[in-house]
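Q: Below is a structure I'd like to ask you about.
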Amino acid sequence: MDPRDRVAVTPEAAGGPAGPCAMVLFGAAGDLIKRKLMPAIYNLAKGRLLPEQFAIVGVSIEPFTTEEFRQRMTQDIRQYAVGGVDVASWEWFAKRLYYLSGDFKDPQLYEKLADTLAQVEKEQNTQGNRLFYLATSPEFFPGVVQQLGAARLAREEGQQWRRVVIEKPFGHDLASAVALNRAIGEVLEEKQTYRIDHYLGKETVQNILAFRFANGIFEPVWNRRYVDHVQVTVAEELGVELRGGYYETAGALRDMVPNHIFQLITLTAMEPPISFDAEAVHDEQTKVLRAIQPIRPERVLDQTVRGQYGEGALGGQRVPGYRGEPRVAADSQTPTYVAMALHIDNWRWAGVPFYLRTGKRLQSRATQIVIRFHCPPFVLFRKTSVEQIPPNELVINIQPDEGISLRFEAKVPGPAVRLGAVNMDFQYADYFGATPSTGYETLIYDCMLGDPTLFQRADMVEAAWTVVQPVLDVWKALPPRDFPNYAAGSWGPSQADELLRREGREWRDPTRPGPRHPAAPATAKS
Ligand code: BG6
């Protein structure tokens, strides 16, 4: 039997439609809504995961009417839908779109919102359940939450639930994250607060847990006795595009590390939770974050590397350096690349470095986690021409390739003893086909069901900022003198190679061929 026959990966497999509710989208005229959120919610509609009693109220400063908003969304969905638009389901969906214009800082907006919600709840019978989604610029987060509180819009009553989704960035540093948590905590209970990290919406990221905890054979080797080190690479080809204004205040470290990359690290390094309940999973993730050795200030420049891209070439095209991008200062010191070595101080991982790197305008897009095992204890093939045996390597490909491969040595056919590296390779698409998704579908659906497992708890966010804060401080005190220090289209600054080289290791080339394009056996000298 073809293994594909055994798996049902239709949206319906997720379960039935969520219960009745109205979603309020703050920032409705923004990019995130048209590119990601609307296409994701519409995919849920197509997969029959939205309830009949459903509505969306878009809120922003733009002076649209509901009719104009529906027209805009109808145009945008044609451009941004992932997996096509069909007329009937879009008509069903568009009838449930409403719009309210106003200033997020104006208390009157929230009075009007209460009226609009009352009307919408009557028309669409959404039964008073409300999901507020803050897809706004982060400066509005605390204010909007406070206004929701003052207008009593977020107070749960009887069976009616009220939840608030907060986009990233969640704070700018440790102090601001703590302050934001406190401001939110004055209005909302933790169980009403859904801090989103879209990496957790990626199937391949969720699969890290399934891979580790639904299989008996990997867990015994998943520790310092067998693992030499772990590498996490999140490489992007894109530059900052039109987001220079935001990125100038953030930079690569804030933008990617305490959120996306730490999600990858915690899922890879955590202990088995006692259950898959949100609290149990979050407890284990938080323990990993708390176990990461804070980098001492005097070690920051040794254990971290920062970079900024200069001009270069990508895909045969010349591209400008970061300082030449729109809304970026001509002498900007903002890093667009970061690499660092972290150590997790616990029994499982003591002595196993976790190397991470992420950057914009790198040679190709690739997100992967590499588990590099120890080399065999000695070379048994001494009397042959084999001089060195490379370590086994497990690679979890998150994107754009989605799958897992294990590299091991095999005998190259022939009379002489020669070894060659081969891969055992699992590709998602081979087994499950392609499921068109923006990555937000699962997260929005879970939020409607009230399952916070794939969201971040307040203490996780603070623990993550605690790890990166010393780096932010030292980098601020000692501005870089060599920016730009890597060319667009390269693999980043040479210091990142040095970071591993001086510990006798090297980054895995994320584009290294797998079994589909086998490389010549290279590990044995003949
Ligand atoms: C966002 C960052 O959170 O994640 C962006 O702000 C980055 O700078 C993006 O490009 C990467 O997401 P993905 O899903 O394309 O890997």
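FYI, nothing fancy with the structure tokens labels: chains A, B, ... in order, residues from 1 per chain, ligands from 1 as they appear.
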What are the DSSP alpha helix (DSSP H) residues of segment 202-329 of chain A, as an MDAnalysis selection string?
A: chainID A and resid 203:213 244:256 262:269 278:291 300:303
Q: Limited to C-alpha atoms, could you put the picked residues into a file as an mmCIF file, in the first residue's frame?
A:
```cif
data_model
loop_
_atom_site.group_PDB
_atom_site.id
_atom_site.type_symbol
_atom_site.label_atom_id
_atom_site.label_comp_id
_atom_site.auth_asym_id
_atom_site.auth_seq_id
_atom_site.Cartn_x
_atom_site.Cartn_y
_atom_site.Cartn_z
ATOM 1 C CA GLU A 203 3.880 22.442 9.676
ATOM 2 C CA THR A 204 7.556 21.584 9.645
ATOM 3 C CA VAL A 205 8.091 23.429 12.929
ATOM 4 C CA GLN A 206 5.211 21.603 14.594
ATOM 5 C CA ASN A 207 6.625 18.401 13.186
ATOM 6 C CA ILE A 208 9.730 18.764 15.348
ATOM 7 C CA LEU A 209 7.599 17.678 18.294
ATOM 8 C CA ALA A 210 6.035 14.793 16.382
ATOM 9 C CA PHE A 211 9.433 13.653 15.147
ATOM 10 C CA ARG A 212 10.935 13.680 18.606
ATOM 11 C CA PHE A 213 8.063 12.413 20.689
ATOM 12 C CA GLY A 244 13.309 49.947 6.362
ATOM 13 C CA GLY A 245 11.496 52.181 8.844
ATOM 14 C CA TYR A 246 10.691 49.288 11.174
ATOM 15 C CA TYR A 247 13.900 47.377 10.535
ATOM 16 C CA GLU A 248 16.141 50.336 11.400
ATOM 17 C CA THR A 249 14.737 50.195 14.941
ATOM 18 C CA ALA A 250 14.862 46.402 15.167
ATOM 19 C CA GLY A 251 17.751 44.769 13.291
ATOM 20 C CA ALA A 252 18.340 41.064 12.773
ATOM 21 C CA LEU A 253 18.753 40.117 16.418
ATOM 22 C CA ARG A 254 15.442 41.525 17.672
ATOM 23 C CA ASP A 255 13.600 40.661 14.476
ATOM 24 C CA MET A 256 14.430 36.959 14.400
ATOM 25 C CA PHE A 262 14.208 30.494 19.925
ATOM 26 C CA GLN A 263 11.031 28.623 18.985
ATOM 27 C CA LEU A 264 13.142 26.325 16.834
ATOM 28 C CA ILE A 265 15.713 25.902 19.595
ATOM 29 C CA THR A 266 13.227 25.240 22.382
ATOM 30 C CA LEU A 267 11.312 22.640 20.386
ATOM 31 C CA THR A 268 14.579 20.927 19.493
ATOM 32 C CA ALA A 269 16.056 21.021 22.978
ATOM 33 C CA ALA A 278 -0.371 24.223 26.418
ATOM 34 C CA GLU A 279 0.887 24.668 29.974
ATOM 35 C CA ALA A 280 2.969 21.509 29.900
ATOM 36 C CA VAL A 281 4.565 22.356 26.549
ATOM 37 C CA HIS A 282 5.193 25.978 27.548
ATOM 38 C CA ASP A 283 6.741 24.880 30.846
ATOM 39 C CA GLU A 284 9.328 22.776 29.023
ATOM 40 C CA GLN A 285 10.062 25.471 26.439
ATOM 41 C CA THR A 286 10.536 28.031 29.191
ATOM 42 C CA LYS A 287 12.915 25.729 31.048
ATOM 43 C CA VAL A 288 15.146 25.585 27.972
ATOM 44 C CA LEU A 289 15.188 29.365 27.674
ATOM 45 C CA ARG A 290 16.027 29.735 31.336
ATOM 46 C CA ALA A 291 18.820 27.189 30.988
ATOM 47 C CA VAL A 300 29.691 38.926 23.743
ATOM 48 C CA LEU A 301 32.070 39.956 20.973
ATOM 49 C CA ASP A 302 33.616 36.459 20.937
ATOM 50 C CA GLN A 303 30.395 34.514 20.992
#
```
Q: What do you get as a list in words if you pick all residues at most 7 Å from ligand 1, counting only C-alpha atoms and all ligand atoms?
A: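 Checked against 7 Å with only C-alpha atoms and all ligand atoms; the hits are Lys168, His198, Tyr199, Glu236, Val240, Asp255 and Met256 of chain A.
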Q: Residues within 12 Å of Arg35 of chain A, please, as an NGL selection string. Count only C-alpha atoms; anything in the same chain fewer than 4 positions from it doesn't count.
A: :A and (28-31 or 39-42 or 73 or 75-82 or 135 or 437-440)
Q: So how many Å separate atom CA of Ala458 of chain A and atom CA of Phe354 of chain A, to one decimal?
A: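 A separation of 24.0 Å between them.
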Q: Go through A:Leu499, A:Glu167, A:Ala214, A:Val24 and flag the residue nearest Val120 of chain A, using only C-alpha atoms for the distances.
A: A:Val24
Q: Tell me which of A:Ala150, A:Val145, A:Val227, A:Val328 sits closest to Ala350 of chain A, counting only C-alpha atoms.
A: A:Val227
Q: Tell me which of A:Leu342, A:Cys447, A:Val319, A:Leu238 sits closest to Ala366 of chain A, counting only C-alpha atoms.
A: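 The answer is A:Leu238, which sits nearest to Ala366 of chain A.
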Q: To one decimal place, how far is atom CA of Arg130 of chain A from atom CA of Ala177 of chain A in Å?
A: 25.0 Å
Q: Using atom CA of Leu478 of chain A and atom CA of Met340 of chain A as the two end points, give the distance in Å to one decimal.
A: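 One can read the atom CA of Leu478 of chain A to atom CA of Met340 of chain A distance as 16.8 Å.
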Q: Using only C-alpha atoms for the distances, tell me which of A:Ile371, A:Leu134, A:Val87, A:Val144 is nearest to Tyr110 of chain A.
A: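 Using only C-alpha atoms, the shortest distance to Tyr110 of chain A belongs to A:Val144.
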Q: I'd like the contact shell of Ala179 of chain A - 12 Å cut-off, only C-alpha atoms, skipping same-chain residues fewer than 5 positions apart - returned as a short mmCIF file (atom, residue, chain, number, x, y, z; two decimals) with all heavy atoms, in the first residue's frame.
A:
```cif
data_model
loop_
_atom_site.label_atom_id
_atom_site.label_comp_id
_atom_site.auth_asym_id
_atom_site.auth_seq_id
_atom_site.Cartn_x
_atom_site.Cartn_y
_atom_site.Cartn_z
N PHE A 141 0.02 48.56 20.61
CA PHE A 141 -0.44 47.38 21.38
C PHE A 141 -1.00 47.74 22.76
O PHE A 141 -2.16 47.42 23.06
CB PHE A 141 0.66 46.33 21.54
CG PHE A 141 1.13 45.66 20.26
CD1 PHE A 141 2.33 44.95 20.24
CD2 PHE A 141 0.38 45.71 19.09
CE1 PHE A 141 2.77 44.32 19.08
CE2 PHE A 141 0.82 45.10 17.92
CZ PHE A 141 2.03 44.40 17.91
N PRO A 142 -0.18 48.41 23.63
CA PRO A 142 -0.72 48.63 24.98
C PRO A 142 -1.96 49.52 24.97
O PRO A 142 -2.92 49.26 25.69
CB PRO A 142 0.43 49.32 25.74
CG PRO A 142 1.53 49.54 24.77
CD PRO A 142 1.18 48.93 23.46
N PHE A 170 7.12 41.56 20.14
CA PHE A 170 6.59 41.67 21.48
C PHE A 170 7.65 42.33 22.36
O PHE A 170 8.46 41.67 23.00
CB PHE A 170 6.18 40.30 22.00
CG PHE A 170 5.24 40.43 23.15
CD1 PHE A 170 3.87 40.55 22.92
CD2 PHE A 170 5.70 40.50 24.43
CE1 PHE A 170 2.99 40.74 23.96
CE2 PHE A 170 4.83 40.69 25.49
CZ PHE A 170 3.47 40.80 25.25
N GLY A 171 7.65 43.64 22.34
CA GLY A 171 8.69 44.39 23.06
C GLY A 171 9.88 44.62 22.17
O GLY A 171 10.02 44.02 21.10
N HIS A 172 10.75 45.50 22.68
CA HIS A 172 11.91 45.95 21.93
C HIS A 172 13.17 45.46 22.63
O HIS A 172 14.25 45.38 22.07
CB HIS A 172 11.86 47.49 21.92
CG HIS A 172 12.89 48.13 21.09
ND1 HIS A 172 12.87 48.10 19.73
CD2 HIS A 172 14.00 48.84 21.44
CE1 HIS A 172 13.90 48.75 19.26
NE2 HIS A 172 14.61 49.21 20.27
N ASP A 173 12.98 45.16 23.90
CA ASP A 173 14.06 44.63 24.75
C ASP A 173 13.37 44.06 26.00
O ASP A 173 12.13 44.03 26.05
CB ASP A 173 15.07 45.73 25.12
CG ASP A 173 14.40 46.95 25.73
OD1 ASP A 173 13.21 46.85 26.11
OD2 ASP A 173 15.06 47.99 25.83
N LEU A 174 14.18 43.64 26.96
CA LEU A 174 13.58 42.98 28.13
C LEU A 174 12.64 43.94 28.88
O LEU A 174 11.50 43.58 29.20
CB LEU A 174 14.68 42.47 29.07
CG LEU A 174 14.19 41.83 30.36
CD1 LEU A 174 13.28 40.64 30.07
CD2 LEU A 174 15.38 41.39 31.23
N ILE A 184 -0.76 44.57 29.52
CA ILE A 184 -1.78 43.62 29.04
C ILE A 184 -2.44 42.92 30.24
O ILE A 184 -3.66 42.74 30.28
CB ILE A 184 -1.12 42.59 28.10
CG1 ILE A 184 -0.72 43.28 26.81
CG2 ILE A 184 -2.05 41.42 27.82
CD1 ILE A 184 0.13 42.43 25.90
N GLY A 185 -1.60 42.58 31.21
CA GLY A 185 -2.10 41.87 32.40
C GLY A 185 -3.10 42.70 33.20
O GLY A 185 -3.91 42.15 33.94
N GLU A 186 -3.05 44.02 33.06
CA GLU A 186 -4.03 44.86 33.78
C GLU A 186 -5.43 44.71 33.20
O GLU A 186 -6.42 44.99 33.87
CB GLU A 186 -3.60 46.34 33.70
CG GLU A 186 -2.47 46.65 34.67
CD GLU A 186 -1.82 48.00 34.38
OE1 GLU A 186 -2.36 48.79 33.59
OE2 GLU A 186 -0.74 48.23 34.96
N ALA A 458 3.61 34.71 28.67
CA ALA A 458 4.34 35.92 29.08
C ALA A 458 5.76 35.58 29.56
O ALA A 458 6.74 36.23 29.17
CB ALA A 458 3.57 36.62 30.20
N VAL A 461 8.31 34.85 26.78
CA VAL A 461 8.78 36.04 26.07
C VAL A 461 9.87 36.73 26.89
O VAL A 461 10.92 37.12 26.38
CB VAL A 461 7.59 36.99 25.83
CG1 VAL A 461 8.07 38.32 25.29
CG2 VAL A 461 6.59 36.37 24.89
N GLU A 462 9.63 36.83 28.19
CA GLU A 462 10.62 37.52 29.03
C GLU A 462 11.91 36.71 29.14
O GLU A 462 13.01 37.27 29.13
CB GLU A 462 10.00 37.80 30.41
CG GLU A 462 8.90 38.85 30.29
CD GLU A 462 8.18 39.14 31.60
OE1 GLU A 462 8.73 38.82 32.67
OE2 GLU A 462 7.06 39.70 31.54
#
```
Q: Name the residues of segment 8-208 of chain A that come out as strand (DSSP E) in a backbone DSSP run; write them as a PyMOL selection string.
A: chain A and resi 21-26+54-60+97-101+130-134+162-166+193-195
Q: Write out as an NGL selection string the residues lying within 7 Å of segment 452-455 of chain A, counting only C-alpha atoms and excluding same-chain residues fewer than 6 positions away.
A: :A and (194-197 or 200 or 277-278 or 281 or 443 or 446)
Q: Excluding Leu356 of chain A and any residue of its chain fewer than 4 positions from it, enumerate the residues within 9 Å of it, using only C-alpha atoms, and give them as a PyMOL selection string.
A: chain A and resi 230-234+257+261+338-342
